[in-house]
Amino acid sequence: MEEVASTTMSGDLSGLLFPKSVAVAGASGSPGKIGQVLFDNVVSSFDGPVYAVNPGHTELLGRPCVPSIADLPEAVDLAVLVIPAPTVEEALEACGQRGIHNAIVISAGFKEMGAEGAARERALAAVADRHGINMLGPNCLGLISTQVGLNATFAPRGARPGEIAFISQSGAFCTAVLDWAWKAHVGFSHFISLGNKAVLSEEDFLEAFAVDPRTRVIAAYLEGVEHGERFIRTARSVSRETPIVVIKSGRAEAGARAVSSHTGTLAGSDSAYEAAFRQSGVLRAQNVEELFDFAYLLARQPLPRGRRVGIVTNAGGPGVMATDAVEFEELEVARFTEPTARALAERMPPAANIYNPVDILGDARADRYRDAVRLVMSDANVDMVVALSAPISILTYPELAKILAEESAQHRKPVTCSFMVGELGEEAEDILREAGIPSSFDPARAVRALRGMARYAEICETEWQSPRDLEVNRMAVSELLGKALARDRLRLGVEAMPMLEAYGIPTARGGMVRTPDEAGTLAATLGDEVVLKVVSEHLTHKTDVGGVRMGVRARDVEQTAWDMHRMIRARFPDAALDGILVQEHLPPGREVIVGMVRDPTFGPLIMFGLGGVHVEVMGDVAFAVAPLSQADAEDLVRRVRGYPILRGVRGQGSIDLGALTEVIERISRLAMDFPQLLELEANPVICYPDRVVAVDLRLTVDGEGR
């Protein structure tokens with residue numbers, strides 16, 4: 001076995017991932033026991049010194065066995081604990097006393113078992129912290145490092161060597177992937193089962209894999225992360241050099257949260273993960289197939305310059321399927337240059353289609369296929385290529401595979417293929433695999449794999465920005481929130497509009513009054529028409545209950561205010577009425593909604609969407625994790641389907657997009673500055689060509705600790 005120096009990894013985890021000696025506590029000679037399977041896997045895979053720890057034996061599988069960790073003849077690099085949960089803490093303490101700084105706790109019976117197990121797990125973490133032990137688990141399958149030949153798992157099979165580092169929070173998923181990977185010829189540099197993550201988590205392994213020259217791609221199955229800010233920071237620093245592909249399960253609504261707004265209703269936990277992945281440069285796979293298609297292609301092929309796809313096929317139907325998939329995956333069907341079109345016309349038969357997709361017809365032999373592939377791959381307008389073929393008797397799949405392998409090496413552009421065949425393609429698969437070209441039966445799958453390449457190429461070009469230093473008045477917001485909490489007000493409405501003003505967000509002119517007389521006096525200073533809004537903590541959706549009157553003439557304000565007061569008192573006799581907000585009546589504009597809800601993992605989650613039917617019915621919204629830079633805010637606005645409406649369509653001009661993105665930045669800053677804000681929504685914010693104005697607000701405050 002080739003020796004791998006520990007200096008190839010970051011100092012923290014080199015002994016865990018590249019150990020030179022291993023001890024297995026709980027090693028067993030009884031067939032069928034986890035301790036026996038794991039010890040056998042370690043012994044049969046690892047060339048370095050291996051020790052068993054079991055008081056009932058002096059030797060196991062030809063390796064020395066000692067009664068306790070304290071009796072080990074050396075401080076091994078790695079200890080693997082496969083012992084009953086109640087004894088793990090003592091064993092880990094013994095590891096620390098013996099100078100062992102890396103441990104894998106396979107044993108179950110910790111926080112997954114309830115309160116008693118959680119307490120036991122906390123004790124383990126404390127021991128690891130006290131002795132500086134890198135602990136993987138507990139309740140995990142273990143790990144495999146093919147670079148030192150170590151299989152420290154109880155899985156039925158180990159892993160092929162390769163360039164993909166794999167992390168999983170599910171042990172069962174690990175064993176399934178390992179078995180599948182042998183058949184699919186997928187190899188791994190490292191294979192990690194995280195378990196309960198009491199000490200080491202995905203962020204630690206992302207950092208370690210980023211400096212491993214053998215690892216070219218990191219693939220992960222995650223059920224959740226515990227430290228959202230750290231995950232984003234770590235993934236962002238790693239993803240520019242090493243692609244990270246994640247499949248995330250569990251799309252349910254995040255934990256207990258006040259949801260009095262559209263933002264809270266629409267923002268499930270998956271929205272936060274989607275936003276976090278996007279902002280940290282993580283590629284999200286929608287299923288296991290995509291996870292490994294993306295990872296395989298990123299590990300083996302060069303990145304494209306853009307999203308333009310060229311398609312070559314000997315059958316019309318598969319070509320149409322691939323073309324549809326290109327559009328669906330938000331890639332582009334390439335438009336060939338004039339020289340390419342002319343060369344194709346000269347070399348293809350008259351009945352062939354020389355435009356994209358290039359259909360070379362079912363009677364094509366190898367020379368015609370090669371000509372078409374070469375011309376398409378060499379076109380300056382083509383960034384990626386999909387090669388398709390249905391079975392024909394005059395052309396064998398090994399021939400096609402050799403053509404693709406040679407042309408791929410020559411042109412250095414990403415290539416996928418769909419050989420729509422079964423047993424006839426088995427020999428070709430070996431040739432394609434050697435060349436790093438993925439093949440699938442489904443043309444759409446071949447196209448989807450390219451989407452991951454295009455997205456990662458864009459990630460590499462992204463310039464991450466820091467949030468701007470905006471001038472704000474924190475003291476004014478602190479005083480307003482303090483007064484609200486003193487009155488036990490946990491939900492605020494338009495009476496909190498001064499919060500937006502304090503953070504530099506333009507608001508409609510006006511103010512709050514206590515009596516209809518005061519309403520009339522204020523209205524006279526605001527123009528011919530005004531808007532009246534009842535202020536009450538018990539009336540969340542004021543418009544629905546008649547608590548808002550639009551376009552009230554100044555001379556009618558006093559009477560209208562009296563009418564609204566009587567109506568609310570009659571319909572809601574128990575509702576507390578704090579007064580009436582009198583606002584200027586603004587001209588029509590394009591209405592948007594900017595909101596925030598505090599996610600339990602990632603913190604403030606900012607939402608943006610168009611107002612009215614776009615958010616109410618269509619749910620056309622996008623999310624981003626605060627704090628937001630200017631670029632983040634601009635990206636958030638562009639991601640809603642209704643963005644062209646803001647930019648200007650059918651003769652309408654664009655709104656002031658710069659002012660809008662600044663409002664989003666400022667709400668992001670407000671959310672970061674005041675953790676007690678659980679939920680906030682400025683709705684609507686009215687957008688004009690030269691300004692934006694917030695006209696309504698609702699928010700929820702955390703009352704704990706007041």
# chains A, B, ... in the order shown; residues from 1 in each chain; ligands from 1

$ select_by_dssp --residues "segment 340-442 of chain A" --states "helix (DSSP H, G or I)" --output "compact mmCIF listing (two decimals) with C-alpha atoms, in the first residue's frame"
# COMPACT_ATOMS: atom_id res chain seq x y z
CA THR A 340 -19.78 24.77 -38.69
CA ALA A 341 -23.16 24.78 -40.43
CA ARG A 342 -21.45 24.88 -43.81
CA ALA A 343 -19.07 22.01 -42.94
CA LEU A 344 -21.96 19.90 -41.65
CA ALA A 345 -23.90 20.53 -44.87
CA GLU A 346 -20.92 19.37 -46.91
CA ARG A 347 -20.30 16.17 -44.94
CA ALA A 366 -18.49 5.59 -37.63
CA ASP A 367 -16.87 8.16 -39.95
CA ARG A 368 -20.07 10.22 -40.20
CA TYR A 369 -20.58 10.10 -36.44
CA ARG A 370 -16.98 11.20 -35.88
CA ASP A 371 -17.30 14.08 -38.34
CA ALA A 372 -20.47 15.34 -36.68
CA VAL A 373 -19.11 15.08 -33.14
CA ARG A 374 -15.82 16.72 -34.09
CA LEU A 375 -17.49 19.63 -35.88
CA VAL A 376 -19.96 20.26 -33.06
CA MET A 377 -17.33 20.01 -30.34
CA SER A 378 -14.99 22.41 -32.16
CA TYR A 397 -21.23 1.02 -29.43
CA PRO A 398 -17.53 0.40 -28.73
CA GLU A 399 -16.81 2.33 -31.95
CA LEU A 400 -18.96 5.22 -30.76
CA ALA A 401 -17.38 5.17 -27.32
CA LYS A 402 -13.86 5.38 -28.79
CA ILE A 403 -14.91 8.31 -30.96
CA LEU A 404 -16.32 10.21 -27.97
CA ALA A 405 -13.29 9.42 -25.80
CA GLU A 406 -10.86 10.66 -28.47
CA GLU A 407 -12.80 13.81 -29.32
CA SER A 408 -13.41 14.64 -25.67
CA ALA A 409 -9.69 14.46 -24.94
CA GLN A 410 -8.95 16.60 -28.00
CA HIS A 411 -11.44 19.42 -27.40
CA GLU A 423 -26.36 -5.51 -23.17
CA LEU A 424 -25.02 -4.25 -26.52
CA GLY A 425 -23.47 -1.30 -24.71
CA GLU A 426 -21.57 -3.10 -21.94
CA GLU A 427 -18.19 -3.07 -23.71
CA ALA A 428 -18.67 0.60 -24.58
CA GLU A 429 -19.29 1.41 -20.91
CA ASP A 430 -15.73 0.37 -20.03
CA ILE A 431 -14.30 2.68 -22.71
CA LEU A 432 -16.48 5.60 -21.61
CA ARG A 433 -15.65 5.02 -17.96
CA GLU A 434 -11.94 5.15 -18.69
CA ALA A 435 -12.48 8.47 -20.46

$ residues_around --residues "segment 511-522 of chain A" --least-positions-apart "5" --cutoff "8 Å" --atoms "only C-alpha atoms" --output "JSON, numbers by chain"
{"A": [495, 554, 555, 556, 557, 558, 559, 561, 562, 578, 579, 580, 581, 582, 583]}

$ write_last_selection --atoms "C-alpha atoms" --output "PDB file, in the first residue's frame"
ATOM      1  CA  GLU A 495     -47.362  51.818  14.505  1.00  0.00           C
ATOM      2  CA  ALA A 554     -59.374  65.354   3.481  1.00  0.00           C
ATOM      3  CA  ARG A 555     -62.746  66.929   4.255  1.00  0.00           C
ATOM      4  CA  ASP A 556     -64.245  63.475   4.970  1.00  0.00           C
ATOM      5  CA  VAL A 557     -61.450  62.159   7.174  1.00  0.00           C
ATOM      6  CA  GLU A 558     -62.956  63.024  10.551  1.00  0.00           C
ATOM      7  CA  GLN A 559     -66.325  61.407   9.769  1.00  0.00           C
ATOM      8  CA  ALA A 561     -62.516  57.904  11.246  1.00  0.00           C
ATOM      9  CA  TRP A 562     -65.597  57.960  13.493  1.00  0.00           C
ATOM     10  CA  ASP A 578     -54.589  52.221  19.836  1.00  0.00           C
ATOM     11  CA  GLY A 579     -55.524  54.851  17.297  1.00  0.00           C
ATOM     12  CA  ILE A 580     -55.535  55.471  13.553  1.00  0.00           C
ATOM     13  CA  LEU A 581     -52.616  55.829  11.150  1.00  0.00           C
ATOM     14  CA  VAL A 582     -53.136  58.613   8.638  1.00  0.00           C
ATOM     15  CA  GLN A 583     -50.944  58.288   5.522  1.00  0.00           C
TER      16      GLN A 583
END

$ select_by_dssp --residues "segment 16-225 of chain A" --states "strand (DSSP E)" --output "number ranges by chain"
A: 22-25, 50-53, 59-60, 63-66, 78-81, 102-105, 134-136, 142-145, 150-153, 160-168, 187-193, 217-222

$ residues_around --residues "Ser145 of chain A" --least-positions-apart "3" --cutoff "7 Å" --atoms "only C-alpha atoms" --output "PyMOL selection string"
chain A and resi 17+148-151+189-191

$ residues_around --residues "Asp12 of chain A" --least-positions-apart "3" --cutoff "9 Å" --atoms "only C-alpha atoms" --output "compact mmCIF listing (two decimals) with N, CA and C atoms, in the first residue's frame"
# COMPACT_ATOMS: atom_id res chain seq x y z
N MET A 9 -3.04 16.43 4.68
CA MET A 9 -4.34 16.90 5.18
C MET A 9 -4.12 18.01 6.20
N GLY A 15 -4.84 12.43 11.45
CA GLY A 15 -4.75 11.15 12.15
C GLY A 15 -6.02 10.33 12.05
N LEU A 16 -7.16 10.99 11.87
CA LEU A 16 -8.43 10.29 11.71
C LEU A 16 -8.57 9.72 10.30
N ASN A 134 -10.59 14.19 18.28
CA ASN A 134 -11.47 14.27 17.12
C ASN A 134 -12.37 13.04 17.14
N ASP A 204 -16.32 20.21 9.48
CA ASP A 204 -14.95 19.76 9.74
C ASP A 204 -14.41 18.96 8.56
N ALA A 208 -11.35 19.59 5.76
CA ALA A 208 -10.28 18.61 5.58
C ALA A 208 -10.17 18.16 4.13

$ residues_around --residues "Pro689 of chain A" --least-positions-apart "4" --cutoff "8 Å" --atoms "only C-alpha atoms" --output "PyMOL selection string"
chain A and resi 653-656

$ closest_residue --among "A:Pro349, A:Gly703, A:Gly452, A:Gly603" --to "Arg489 of chain A" --atoms "only C-alpha atoms"
A:Gly703

$ closest_residue --among "A:Ala155, A:Val385, A:Cys174, A:Leu470" --to "Arg412 of chain A" --atoms "only C-alpha atoms"
A:Val385

$ atom_distance --atom1 "atom CA of Arg474 of chain A" --atom2 "atom CA of Val663 of chain A"
16.1 Å

$ residues_around --residues "Leu677 of chain A" --least-positions-apart "6" --cutoff "8 Å" --atoms "only C-alpha atoms" --output "mmCIF file with C-alpha atoms, in the first residue's frame"
data_model
loop_
_atom_site.group_PDB
_atom_site.id
_atom_site.type_symbol
_atom_site.label_atom_id
_atom_site.label_comp_id
_atom_site.auth_asym_id
_atom_site.auth_seq_id
_atom_site.Cartn_x
_atom_site.Cartn_y
_atom_site.Cartn_z
ATOM 1 C CA ARG A 598 -36.022 33.795 11.714
ATOM 2 C CA ALA A 671 -32.913 41.560 11.194
ATOM 3 C CA LEU A 699 -43.722 42.195 12.889
ATOM 4 C CA THR A 700 -43.495 39.688 15.725
ATOM 5 C CA VAL A 701 -41.140 40.107 18.674
ATOM 6 C CA ASP A 702 -39.690 37.425 20.925
#
